[in-house]
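Everything below concerns the one structure shown next.
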There are 2 protein chains.
Amino acid sequence: MKTRLTEALGITFPVIQAPMAFAAGSALASAVSGAGGLDMIGGAYGDAGWIERQFGAAAGARVGCGLITWKLAEQPHLLDRVLTHDPAAVLLASGNPKPFASAIRDAGVPLICQVQTLRDARQALDCGAEIIVAQGADAGGHGEARGTFALIPEIADEIARQDSKALLCAAGGIADGRGLAAALMLGADGAVIGTRFWASREALVHPRILDRALEATGEETIRTRVADVVRGFDWPGRYNGRVLRNPFIQKWHGSEDALKLEAGAEAAKWAAAQEAGDPYFATAFAGEGIGLISSAAPAGDILANLMLDAQRCLAEAD
Amino acid sequence: MKTRLTEALGITFPVIQAPMAFAAGSALASAVSGAGGLDMIGGAYGDAGWIERQFGAAAGARVGCGLITWKLAEQPHLLDRVLTHDPAAVLLASGNPKPFASAIRDAGVPLICQVQTLRDARQALDCGAEIIVAQGADAGGHGEARGTFALIPEIADEIARQDSKALLCAAGGIADGRGLAAALMLGADGAVIGTRFWASREALVHPRILDRALEATGEETIRTRVADVVRGFDWPGRYNGRVLRNPFIQKWHGSEDALKLEAGAEAAKWAAAQEAGDPYFATAFAGEGIGLISSAAPAGDILANLMLDAQRCLAEAD
């Protein structure tokens, strides 16, 4: 399936795998890029050693890297290290991309900016982003309040108004071929997909957490700050993260200030649960699309089937 | 454009106009049904006299009626009066449709149930609903938390799992042909469209409120209980309503308990603002799709253009 995105990035399918923090490592990178999508290593909070190891282990695969922008601002030199790997693209999410945009562009690396609002999109266009990812609240992990459905065409209209050549990807709730086909109808050139690849054999997710998630419906997810508070992650106030509900989340959601007071003890319990894969206390950063997913599979198969389904949807459309 | 929905309802286009409380009266009914969609009179909170007048004024047009289910339970006899008008369909939203389903079906009137969760959808299927409307949080007016994008295919999958003949409509964020095309890709048979018809010449919306809304982006909307608290509308806790932000909403959102204490004085001010069309205090129940709308138009033109755009999107898809 050719779109402007596949041509711009030299990939077979218009699908970018979301750079999911802690979950998107080298195994997923090799699988997704080998199957014709663009893989993004989850550089996230900027653990330089971990990022180096993933690039090393994925050697030979053409992969990109995603970074959390407000966190990158705390150690801006990390960007130079990422750029030495000649990444297929760099995705900046959650924060002002301006301080980093020129270094990425000067390195000849495509700049992808993930945005949650029209205002963010304008900022990304001002920075010369080649690709805008319009991420709706339906997504797993960190984001904001706007729903995917109307956000995509609203940003598509803005790109058109500015007569910009920037490409548009949709993110948030896209877990199968229907979602990709719908994203294209809404004006996107492709999709960024997280949760569907999170629920793959190659993602760095504890099998017990994954098993629980595969049973969940979309309404068993919730946007919350609990997982950040317990980890001591100081996310800017406009962002929160969509996770699977569980007893730990239910206990503290809406009582984040109380959680801060007990953060030491709770953090230790939470970390142990994460390590052990205890789905009642550990956090699964899954989006509403989890309700469309009932089994894990190799990421390459996931991508191949998703594309077949999308093509069938589009072929039956007319 | 033929879908299972157009065949089931005997309409030209797979579009149902949302039964927007206070905004969807006889003028909109005549315009939308005349243009080939299914119009739904906004029966809403159950003002019997108002509903009678709209059916009377729309005489000759084939129109349906929407009712708020938890409110209908307070005056169940209202349903009999609605059914005497031989409505094209009855849409029940927000509450348990079971006490009313058999009367509607016995009258030979199609039962449409608007739902916000997979659980609601199962309940609607149990009641024998002919049409399920999967309404996402992106929508204007009352609803819940789940985003439109992943909710539609998740409920489509449930209908398929149950081997049900029920049809599926998508609602929430659909304001143009791209949205309708996307809804069809996601597995819907058609769409329920509110905000785009709210911003039409025939809707019962004060022109000053409409003018302000036409300038708004999708992120200038918010889901809140403020408009219900000030009106003294006792909505069940799971629902809130998406409205345009303005100084009144910004002042009280998150301080609803304080608003209750001042509800008398604030209610008088709010009602006066609503009457005068003061956009800084009056409430506009607009969805995120408002960011896709820059001008009002006759509802018939809106529907015709929406269909042309949808058909073009679908034709270019393959």
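Chain labels A, B, ... are given in the sequence in which chains occur in the structure tokens; within each chain residues are numbered consecutively from 1, and ligands are likewise numbered from 1 in the order shown.
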Q.
Taking 6 positions as the minimum chain separation for residues in the same chain, which residues sit within 12 Å of Asp86 of chain B when counting only C-alpha atoms? Answer as a ChimeraX atom specification.
A. /B:55,59-65,79-80,104-110
Any chance you could tabulate, as CSV, the residues of chain B at most 6 Å from chain A with each one's nearest atom pair and distance in Å to one decimal, using only C-alpha atoms, in chain and rising number order?
residue,atom,partner,partner_atom,distance
B:Asp138,CA,A:Gly147,CA,5.5
B:Gly147,CA,A:Asp138,CA,5.5
B:Phe149,CA,A:Phe149,CA,5.7
B:Ala150,CA,A:Gly173,CA,5.0
B:Glu154,CA,A:Leu292,CA,5.8
B:Gly173,CA,A:Ala150,CA,5.0
B:Arg178,CA,A:Leu186,CA,5.0
B:Ala182,CA,A:Ala182,CA,4.1
B:Met185,CA,A:Ala182,CA,5.3
B:Leu186,CA,A:Arg178,CA,5.0
B:Gly289,CA,A:Ala150,CA,5.4
B:Leu292,CA,A:Glu154,CA,5.8
B:Leu314,CA,A:Asp318,CA,5.3
B:Ala315,CA,A:Asp318,CA,5.1
B:Ala317,CA,A:Leu314,CA,5.6
B:Asp318,CA,A:Ala315,CA,5.1
Mobile chain A fitted to chain B over all in-order Cα pairs, reported as a compact mmCIF listing (two decimals) with C-alpha atoms, in the first residue's frame:
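Below is the file result_23.txt, written as the result:
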# COMPACT_ATOMS: atom_id res chain seq x y z
CA MET A 1 -25.27 5.51 -1.03
CA LYS A 2 -26.90 2.26 -0.02
CA THR A 3 -26.03 0.56 3.24
CA ARG A 4 -28.02 -1.82 5.41
CA LEU A 5 -29.17 1.29 7.31
CA THR A 6 -30.67 3.05 4.30
CA GLU A 7 -32.53 -0.13 3.41
CA ALA A 8 -33.81 -0.72 6.93
CA LEU A 9 -35.09 2.84 7.39
CA GLY A 10 -36.09 3.62 3.82
CA ILE A 11 -33.84 6.65 3.62
CA THR A 12 -31.51 7.84 0.87
CA PHE A 13 -28.36 8.49 2.91
CA PRO A 14 -26.98 6.56 5.93
CA VAL A 15 -27.22 9.58 8.20
CA ILE A 16 -29.40 10.07 11.24
CA GLN A 17 -29.58 13.55 12.68
CA ALA A 18 -29.06 13.41 16.44
CA PRO A 19 -32.15 14.29 18.52
CA MET A 20 -30.50 17.28 20.14
CA ALA A 21 -32.41 18.60 23.12
CA PHE A 22 -33.89 22.07 22.55
CA ALA A 23 -32.09 22.41 19.17
CA ALA A 24 -33.71 19.77 16.96
CA GLY A 25 -37.23 20.92 16.20
CA SER A 26 -39.59 20.75 13.25
CA ALA A 27 -37.63 23.01 10.87
CA LEU A 28 -34.55 20.81 11.12
CA ALA A 29 -36.79 17.75 10.88
CA SER A 30 -38.30 18.85 7.60
CA ALA A 31 -34.93 19.86 6.16
CA VAL A 32 -33.02 16.70 7.03
CA SER A 33 -35.76 14.28 6.10
CA GLY A 34 -36.39 16.20 2.89
CA ALA A 35 -32.72 15.87 1.99
CA GLY A 36 -32.65 12.11 2.41
CA GLY A 37 -31.51 11.55 6.00
CA LEU A 38 -33.47 10.45 9.03
CA ASP A 39 -34.41 13.31 11.27
CA MET A 40 -34.98 12.83 14.98
CA ILE A 41 -36.96 15.38 16.94
CA GLY A 42 -35.11 16.17 20.16
CA GLY A 43 -37.69 14.89 22.63
CA ALA A 44 -34.97 14.86 25.26
CA TYR A 45 -36.29 15.65 28.75
CA GLY A 46 -39.85 14.98 27.70
CA ASP A 47 -41.75 18.25 27.34
CA ALA A 48 -44.90 16.69 25.91
CA GLY A 49 -46.33 19.94 24.57
CA TRP A 50 -43.13 20.87 22.76
CA ILE A 51 -42.84 17.39 21.25
CA GLU A 52 -46.46 17.55 20.03
CA ARG A 53 -45.85 20.92 18.39
CA GLN A 54 -42.74 19.67 16.58
CA PHE A 55 -44.51 16.60 15.23
CA GLY A 56 -47.38 18.84 14.17
CA ALA A 57 -45.18 21.41 12.47
CA ALA A 58 -43.21 18.67 10.72
CA ALA A 59 -46.37 17.02 9.42
CA GLY A 60 -45.75 15.28 6.15
CA ALA A 61 -42.08 14.68 6.90
CA ARG A 62 -41.13 11.19 8.06
CA VAL A 63 -39.35 11.86 11.35
CA GLY A 64 -38.33 10.00 14.45
CA CYS A 65 -37.98 11.10 18.04
CA GLY A 66 -35.24 10.80 20.61
CA LEU A 67 -35.82 10.57 24.34
CA ILE A 68 -33.56 10.53 27.38
CA THR A 69 -34.25 7.16 28.92
CA TRP A 70 -33.74 7.96 32.61
CA LYS A 71 -36.02 10.98 32.19
CA LEU A 72 -38.64 8.99 30.31
CA ALA A 73 -38.77 6.65 33.31
CA GLU A 74 -40.21 9.56 35.32
CA GLN A 75 -43.18 9.87 32.92
CA PRO A 76 -43.40 6.60 31.00
CA HIS A 77 -46.81 7.51 29.50
CA LEU A 78 -45.00 10.02 27.27
CA LEU A 79 -43.84 7.14 25.10
CA ASP A 80 -47.44 6.30 24.16
CA ARG A 81 -48.01 9.87 23.01
CA VAL A 82 -44.85 9.77 20.89
CA LEU A 83 -45.88 6.43 19.38
CA THR A 84 -49.28 7.84 18.32
CA HIS A 85 -47.35 9.95 15.79
CA ASP A 86 -46.07 6.77 14.10
CA PRO A 87 -42.47 7.98 14.30
CA ALA A 88 -39.93 6.71 11.80
CA ALA A 89 -37.94 5.44 14.79
CA VAL A 90 -37.54 6.05 18.51
CA LEU A 91 -34.05 6.62 19.88
CA LEU A 92 -33.50 5.95 23.57
CA ALA A 93 -30.35 7.41 25.07
CA SER A 94 -28.77 7.37 28.53
CA GLY A 95 -30.39 4.74 30.65
CA ASN A 96 -31.90 1.27 30.62
CA PRO A 97 -34.09 0.83 27.53
CA LYS A 98 -35.64 -2.40 28.76
CA PRO A 99 -38.87 -0.95 30.30
CA PHE A 100 -39.74 0.70 26.97
CA ALA A 101 -38.40 -1.64 24.34
CA SER A 102 -41.40 -3.91 23.95
CA ALA A 103 -43.90 -1.04 23.57
CA ILE A 104 -41.78 0.42 20.78
CA ARG A 105 -41.30 -2.90 19.05
CA ASP A 106 -44.99 -3.81 19.46
CA ALA A 107 -45.89 -0.56 17.70
CA GLY A 108 -43.77 -1.68 14.75
CA VAL A 109 -41.41 1.26 15.28
CA PRO A 110 -37.66 0.70 14.92
CA LEU A 111 -35.90 0.90 18.28
CA ILE A 112 -32.58 2.74 18.26
CA CYS A 113 -30.48 2.54 21.42
CA GLN A 114 -27.62 4.98 21.87
CA VAL A 115 -24.84 3.46 23.97
CA GLN A 116 -21.47 4.54 25.30
CA THR A 117 -19.96 1.26 26.40
CA LEU A 118 -19.76 -2.36 25.34
CA ARG A 119 -21.88 -3.26 28.36
CA ASP A 120 -24.60 -0.85 27.23
CA ALA A 121 -24.46 -2.37 23.77
CA ARG A 122 -25.06 -5.85 25.18
CA GLN A 123 -28.06 -4.53 27.12
CA ALA A 124 -29.45 -2.91 23.97
CA LEU A 125 -29.03 -6.12 21.99
CA ASP A 126 -30.83 -8.01 24.77
CA CYS A 127 -33.72 -5.55 24.38
CA GLY A 128 -33.97 -6.30 20.68
CA ALA A 129 -32.74 -2.93 19.45
CA GLU A 130 -32.76 -2.78 15.65
CA ILE A 131 -30.05 -0.13 15.64
CA ILE A 132 -27.23 0.50 18.09
CA VAL A 133 -25.64 3.94 18.14
CA ALA A 134 -22.10 3.75 19.50
CA GLN A 135 -21.50 7.25 20.82
CA GLY A 136 -17.99 8.30 21.74
CA ALA A 137 -16.84 10.99 24.15
CA ASP A 138 -15.88 13.15 21.17
CA ALA A 139 -19.60 13.93 20.76
CA GLY A 140 -21.32 17.09 21.87
CA GLY A 141 -23.92 16.88 24.59
CA HIS A 142 -24.35 14.06 27.04
CA GLY A 143 -22.26 10.96 26.94
CA GLU A 144 -19.40 9.17 28.61
CA ALA A 145 -15.68 8.62 28.50
CA ARG A 146 -14.90 6.18 25.69
CA GLY A 147 -13.52 7.61 22.46
CA THR A 148 -15.41 7.09 19.22
CA PHE A 149 -12.52 5.54 17.32
CA ALA A 150 -12.11 2.19 19.07
CA LEU A 151 -15.65 1.99 20.44
CA ILE A 152 -17.23 1.51 17.01
CA PRO A 153 -15.26 -1.59 15.96
CA GLU A 154 -15.46 -3.05 19.46
CA ILE A 155 -19.27 -2.91 19.35
CA ALA A 156 -19.28 -4.11 15.73
CA ASP A 157 -17.34 -7.15 16.93
CA GLU A 158 -19.87 -7.76 19.70
CA ILE A 159 -22.79 -7.62 17.25
CA ALA A 160 -20.96 -10.11 15.04
CA ARG A 161 -20.13 -12.38 17.99
CA GLN A 162 -23.81 -12.49 18.92
CA ASP A 163 -24.69 -13.18 15.30
CA SER A 164 -27.20 -10.33 15.66
CA LYS A 165 -28.88 -8.57 12.76
CA ALA A 166 -28.74 -5.25 14.63
CA LEU A 167 -27.29 -2.35 12.65
CA LEU A 168 -24.59 -0.06 13.98
CA CYS A 169 -24.30 3.70 13.73
CA ALA A 170 -21.30 5.72 14.85
CA ALA A 171 -21.65 8.99 16.73
CA GLY A 172 -19.17 11.48 18.14
CA GLY A 173 -16.86 13.68 16.09
CA ILE A 174 -18.46 12.98 12.70
CA ALA A 175 -18.91 16.38 11.06
CA ASP A 176 -18.09 15.84 7.41
CA GLY A 177 -17.76 13.28 4.66
CA ARG A 178 -14.38 12.09 5.92
CA GLY A 179 -15.96 11.19 9.23
CA LEU A 180 -18.81 9.26 7.63
CA ALA A 181 -16.36 7.37 5.39
CA ALA A 182 -14.20 6.56 8.42
CA ALA A 183 -17.21 5.36 10.39
CA LEU A 184 -18.08 2.95 7.58
CA MET A 185 -14.49 1.66 7.56
CA LEU A 186 -14.71 1.03 11.31
CA GLY A 187 -17.70 -1.24 10.78
CA ALA A 188 -20.67 1.10 11.09
CA ASP A 189 -23.66 1.04 8.75
CA GLY A 190 -24.13 4.77 9.08
CA ALA A 191 -23.65 7.75 11.35
CA VAL A 192 -25.58 9.81 13.86
CA ILE A 193 -24.56 13.42 13.41
CA GLY A 194 -25.26 16.17 15.92
CA THR A 195 -22.93 19.16 15.97
CA ARG A 196 -22.82 19.57 12.17
CA PHE A 197 -26.64 19.90 12.12
CA TRP A 198 -26.62 22.00 15.31
CA ALA A 199 -24.58 24.45 13.23
CA SER A 200 -27.28 24.70 10.55
CA ARG A 201 -29.73 27.42 9.68
CA GLU A 202 -32.68 25.35 10.87
CA ALA A 203 -31.45 24.36 14.34
CA LEU A 204 -32.94 26.20 17.31
CA VAL A 205 -29.67 27.86 18.31
CA HIS A 206 -29.22 31.53 19.08
CA PRO A 207 -27.24 33.16 16.24
CA ARG A 208 -24.72 34.76 18.63
CA ILE A 209 -24.00 31.41 20.26
CA LEU A 210 -23.65 29.83 16.84
CA ASP A 211 -21.33 32.57 15.58
CA ARG A 212 -19.00 32.06 18.53
CA ALA A 213 -19.04 28.28 18.06
CA LEU A 214 -18.08 28.56 14.39
CA GLU A 215 -14.79 30.16 15.46
CA ALA A 216 -13.95 27.45 17.97
CA THR A 217 -11.46 24.62 17.65
CA GLY A 218 -12.19 21.14 18.96
CA GLU A 219 -10.02 21.70 22.01
CA GLU A 220 -12.21 24.59 23.07
CA THR A 221 -14.79 21.97 24.09
CA ILE A 222 -14.88 20.14 27.40
CA ARG A 223 -16.92 17.42 29.08
CA THR A 224 -18.47 18.83 32.24
CA ARG A 225 -21.46 18.70 34.59
CA VAL A 226 -21.67 22.47 35.01
CA ALA A 227 -24.53 23.00 32.56
CA ASP A 228 -26.59 20.32 34.31
CA VAL A 229 -25.89 21.58 37.81
CA VAL A 230 -26.93 25.13 36.95
CA ARG A 231 -30.14 23.86 35.34
CA GLY A 232 -30.87 21.52 38.25
CA PHE A 233 -30.88 18.53 35.88
CA ASP A 234 -30.21 15.44 37.93
CA TRP A 235 -28.22 13.38 35.44
CA PRO A 236 -26.93 9.99 36.62
CA GLY A 237 -23.31 10.27 37.71
CA ARG A 238 -21.82 8.33 34.80
CA TYR A 239 -22.84 10.97 32.25
CA ASN A 240 -21.57 14.45 31.56
CA GLY A 241 -21.94 16.79 28.61
CA ARG A 242 -19.50 18.18 26.08
CA VAL A 243 -19.91 21.95 25.70
CA LEU A 244 -17.92 24.88 24.45
CA ARG A 245 -15.66 26.34 27.10
CA ASN A 246 -16.52 29.88 28.11
CA PRO A 247 -15.95 31.98 31.23
CA PHE A 248 -19.00 30.51 32.98
CA ILE A 249 -17.90 26.92 32.35
CA GLN A 250 -14.29 27.69 33.25
CA LYS A 251 -15.38 29.31 36.52
CA TRP A 252 -17.43 26.37 37.76
CA HIS A 253 -15.88 23.28 36.17
CA GLY A 254 -14.38 21.31 39.05
CA SER A 255 -16.36 23.40 41.55
CA GLU A 256 -19.77 21.90 40.91
CA ASP A 257 -20.55 21.55 44.61
CA ALA A 258 -19.98 25.27 45.11
CA LEU A 259 -22.19 25.98 42.11
CA LYS A 260 -25.00 23.96 43.70
CA LEU A 261 -24.92 26.32 46.69
CA GLU A 262 -25.38 29.31 44.41
CA ALA A 263 -27.59 27.57 41.90
CA GLY A 264 -30.58 29.87 42.38
CA ALA A 265 -28.82 33.10 41.43
CA GLU A 266 -26.60 31.46 38.83
CA ALA A 267 -29.56 29.68 37.22
CA ALA A 268 -31.32 33.00 36.68
CA LYS A 269 -28.20 34.54 35.15
CA TRP A 270 -27.62 31.46 33.01
CA ALA A 271 -31.20 31.40 31.72
CA ALA A 272 -31.06 35.08 30.84
CA ALA A 273 -27.77 34.53 28.99
CA GLN A 274 -29.24 31.57 27.13
CA GLU A 275 -32.22 33.70 26.08
CA ALA A 276 -30.00 36.60 25.00
CA GLY A 277 -27.47 34.36 23.29
CA ASP A 278 -24.60 35.60 25.43
CA PRO A 279 -21.79 33.23 24.44
CA TYR A 280 -19.71 34.06 27.51
CA PHE A 281 -22.27 32.59 29.89
CA ALA A 282 -24.73 30.58 27.82
CA THR A 283 -23.96 26.95 27.06
CA ALA A 284 -23.36 25.56 23.58
CA PHE A 285 -23.56 21.76 23.51
CA ALA A 286 -21.02 21.25 20.74
CA GLY A 287 -18.76 18.28 20.10
CA GLU A 288 -15.11 18.16 19.10
CA GLY A 289 -16.23 18.20 15.47
CA ILE A 290 -16.96 21.91 15.87
CA GLY A 291 -13.33 22.46 14.87
CA LEU A 292 -14.21 21.11 11.42
CA ILE A 293 -17.07 23.57 10.94
CA SER A 294 -16.51 27.17 9.94
CA SER A 295 -19.89 28.24 8.62
CA ALA A 296 -23.56 27.49 9.15
CA ALA A 297 -25.60 26.38 6.14
CA PRO A 298 -29.04 25.00 5.38
CA ALA A 299 -29.24 21.46 6.75
CA GLY A 300 -30.16 20.04 3.36
CA ASP A 301 -27.00 21.49 1.81
CA ILE A 302 -24.95 20.20 4.72
CA LEU A 303 -26.22 16.68 4.19
CA ALA A 304 -25.79 16.81 0.40
CA ASN A 305 -22.21 18.06 0.62
CA LEU A 306 -21.33 15.62 3.37
CA MET A 307 -22.51 12.75 1.19
CA LEU A 308 -20.58 13.99 -1.85
CA ASP A 309 -17.43 14.25 0.24
CA ALA A 310 -17.93 10.82 1.78
CA GLN A 311 -18.44 9.26 -1.62
CA ARG A 312 -15.31 10.96 -2.95
CA CYS A 313 -13.27 9.70 0.03
CA LEU A 314 -14.53 6.17 -0.50
CA ALA A 315 -14.02 6.27 -4.26
CA GLU A 316 -10.40 7.40 -3.85
CA ALA A 317 -9.76 4.77 -1.22
CA ASP A 318 -9.03 1.80 -3.34
(Q) According to DSSP computed on the backbone, where in segment 139-271 of chain B is there strand (DSSP E or B)? Give the residues as a list in words. (A)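 For segment 139-271 of chain B, the strand (DSSP E or B) set is Gly141, His142, Gly143, Leu167, Leu168, Cys169, Ala170, Ala171, Gly190, Ala191, Val192, Ile193, Ser200, Thr221, Ile222, Arg223, Thr224, Asn240, Gly241, Arg242, Val243 and Leu244 of chain B.
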Mind writing the picked residues with all heavy atoms as a short mmCIF file (atom, residue, chain, number, x, y, z; two decimals), in the first residue's frame?
data_model
loop_
_atom_site.label_atom_id
_atom_site.label_comp_id
_atom_site.auth_asym_id
_atom_site.auth_seq_id
_atom_site.Cartn_x
_atom_site.Cartn_y
_atom_site.Cartn_z
N GLY B 141 -22.83 17.31 23.75
CA GLY B 141 -23.93 16.89 24.60
C GLY B 141 -23.55 15.73 25.50
O GLY B 141 -22.37 15.46 25.71
N HIS B 142 -24.58 15.05 25.99
CA HIS B 142 -24.36 14.06 27.04
C HIS B 142 -23.78 12.75 26.52
O HIS B 142 -24.13 12.27 25.45
CB HIS B 142 -25.65 13.81 27.81
CG HIS B 142 -25.96 14.96 28.71
ND1 HIS B 142 -26.66 16.06 28.29
CD2 HIS B 142 -25.60 15.21 30.01
CE1 HIS B 142 -26.74 16.94 29.28
NE2 HIS B 142 -26.12 16.45 30.34
N GLY B 143 -22.90 12.19 27.30
CA GLY B 143 -22.26 10.93 26.95
C GLY B 143 -21.30 10.54 28.05
O GLY B 143 -21.45 10.95 29.19
N LEU B 167 -28.16 -3.25 13.43
CA LEU B 167 -27.29 -2.35 12.67
C LEU B 167 -26.54 -1.45 13.63
O LEU B 167 -26.94 -1.28 14.78
CB LEU B 167 -28.12 -1.52 11.69
CG LEU B 167 -29.03 -2.33 10.76
CD1 LEU B 167 -29.75 -1.40 9.79
CD2 LEU B 167 -28.23 -3.38 10.02
N LEU B 168 -25.45 -0.88 13.13
CA LEU B 168 -24.59 -0.06 13.98
C LEU B 168 -24.40 1.32 13.36
O LEU B 168 -24.06 1.43 12.19
CB LEU B 168 -23.23 -0.74 14.16
CG LEU B 168 -22.18 0.00 14.98
CD1 LEU B 168 -22.64 0.21 16.42
CD2 LEU B 168 -20.84 -0.74 14.94
N CYS B 169 -24.64 2.35 14.16
CA CYS B 169 -24.30 3.71 13.75
C CYS B 169 -23.22 4.25 14.66
O CYS B 169 -23.18 3.94 15.85
CB CYS B 169 -25.52 4.62 13.83
SG CYS B 169 -26.71 4.37 12.50
N ALA B 170 -22.36 5.07 14.09
CA ALA B 170 -21.30 5.72 14.85
C ALA B 170 -21.73 7.14 15.17
O ALA B 170 -22.38 7.79 14.35
CB ALA B 170 -20.01 5.74 14.04
N ALA B 171 -21.35 7.62 16.35
CA ALA B 171 -21.64 9.00 16.73
C ALA B 171 -20.50 9.55 17.57
O ALA B 171 -19.89 8.83 18.35
CB ALA B 171 -22.94 9.07 17.54
N GLY B 190 -23.76 3.39 9.28
CA GLY B 190 -24.14 4.78 9.09
C GLY B 190 -23.70 5.60 10.28
O GLY B 190 -22.99 5.10 11.16
N ALA B 191 -24.10 6.85 10.29
CA ALA B 191 -23.66 7.75 11.35
C ALA B 191 -24.82 8.54 11.93
O ALA B 191 -25.78 8.85 11.24
CB ALA B 191 -22.61 8.72 10.80
N VAL B 192 -24.70 8.85 13.21
CA VAL B 192 -25.59 9.82 13.86
C VAL B 192 -24.78 11.10 14.02
O VAL B 192 -23.69 11.09 14.59
CB VAL B 192 -26.08 9.30 15.22
CG1 VAL B 192 -26.80 10.41 15.98
CG2 VAL B 192 -27.01 8.11 15.02
N ILE B 193 -25.31 12.17 13.47
CA ILE B 193 -24.56 13.43 13.40
C ILE B 193 -25.31 14.52 14.15
O ILE B 193 -26.49 14.76 13.87
CB ILE B 193 -24.32 13.82 11.93
CG1 ILE B 193 -23.42 12.76 11.27
CG2 ILE B 193 -23.71 15.22 11.82
CD1 ILE B 193 -23.09 13.02 9.82
N SER B 200 -26.53 24.52 11.82
CA SER B 200 -27.26 24.70 10.55
C SER B 200 -28.25 25.84 10.72
O SER B 200 -28.53 26.27 11.85
CB SER B 200 -28.02 23.42 10.19
OG SER B 200 -29.11 23.21 11.09
N THR B 221 -13.66 22.68 23.47
CA THR B 221 -14.79 21.99 24.09
C THR B 221 -14.30 21.21 25.31
O THR B 221 -13.11 20.92 25.44
CB THR B 221 -15.46 20.99 23.11
OG1 THR B 221 -14.54 19.92 22.83
CG2 THR B 221 -15.85 21.67 21.81
N ILE B 222 -15.23 20.88 26.19
CA ILE B 222 -14.88 20.16 27.41
C ILE B 222 -16.09 19.35 27.88
O ILE B 222 -17.23 19.79 27.71
CB ILE B 222 -14.42 21.14 28.51
CG1 ILE B 222 -13.93 20.40 29.76
CG2 ILE B 222 -15.55 22.11 28.86
CD1 ILE B 222 -13.33 21.33 30.81
N ARG B 223 -15.83 18.19 28.45
CA ARG B 223 -16.92 17.42 29.08
C ARG B 223 -17.06 17.89 30.52
O ARG B 223 -16.08 17.90 31.28
CB ARG B 223 -16.63 15.91 29.04
CG ARG B 223 -16.52 15.34 27.64
CD ARG B 223 -16.79 13.84 27.60
NE ARG B 223 -18.21 13.62 27.74
CZ ARG B 223 -19.09 13.62 26.73
NH1 ARG B 223 -18.70 13.80 25.51
NH2 ARG B 223 -20.36 13.43 26.98
N THR B 224 -18.26 18.24 30.92
CA THR B 224 -18.47 18.84 32.24
C THR B 224 -19.89 18.58 32.72
O THR B 224 -20.78 18.24 31.93
CB THR B 224 -18.20 20.36 32.18
OG1 THR B 224 -18.31 20.91 33.49
CG2 THR B 224 -19.18 21.08 31.26
N ASN B 240 -21.78 13.01 31.54
CA ASN B 240 -21.58 14.45 31.56
C ASN B 240 -21.79 14.95 30.13
O ASN B 240 -22.15 14.16 29.26
CB ASN B 240 -20.19 14.80 32.13
CG ASN B 240 -19.08 14.07 31.41
OD1 ASN B 240 -19.21 13.68 30.25
ND2 ASN B 240 -17.97 13.87 32.10
N GLY B 241 -21.62 16.24 29.93
CA GLY B 241 -21.95 16.77 28.62
C GLY B 241 -20.80 17.57 28.03
O GLY B 241 -20.16 18.35 28.75
N ARG B 242 -20.54 17.39 26.73
CA ARG B 242 -19.50 18.19 26.09
C ARG B 242 -20.11 19.51 25.63
O ARG B 242 -21.15 19.52 24.96
CB ARG B 242 -18.86 17.46 24.91
CG ARG B 242 -17.68 18.25 24.32
CD ARG B 242 -16.92 17.50 23.23
NE ARG B 242 -16.23 16.32 23.70
CZ ARG B 242 -15.06 16.32 24.34
NH1 ARG B 242 -14.45 17.47 24.60
NH2 ARG B 242 -14.52 15.20 24.74
N VAL B 243 -19.44 20.59 26.01
CA VAL B 243 -19.91 21.94 25.70
C VAL B 243 -18.71 22.78 25.26
O VAL B 243 -17.56 22.37 25.44
CB VAL B 243 -20.55 22.61 26.95
CG1 VAL B 243 -21.70 21.76 27.49
CG2 VAL B 243 -19.51 22.85 28.04
N LEU B 244 -19.00 23.94 24.72
CA LEU B 244 -17.92 24.89 24.45
C LEU B 244 -17.47 25.51 25.77
O LEU B 244 -18.30 25.89 26.59
CB LEU B 244 -18.40 26.01 23.54
CG LEU B 244 -18.35 25.83 22.03
CD1 LEU B 244 -18.54 27.20 21.37
CD2 LEU B 244 -17.06 25.20 21.56
#
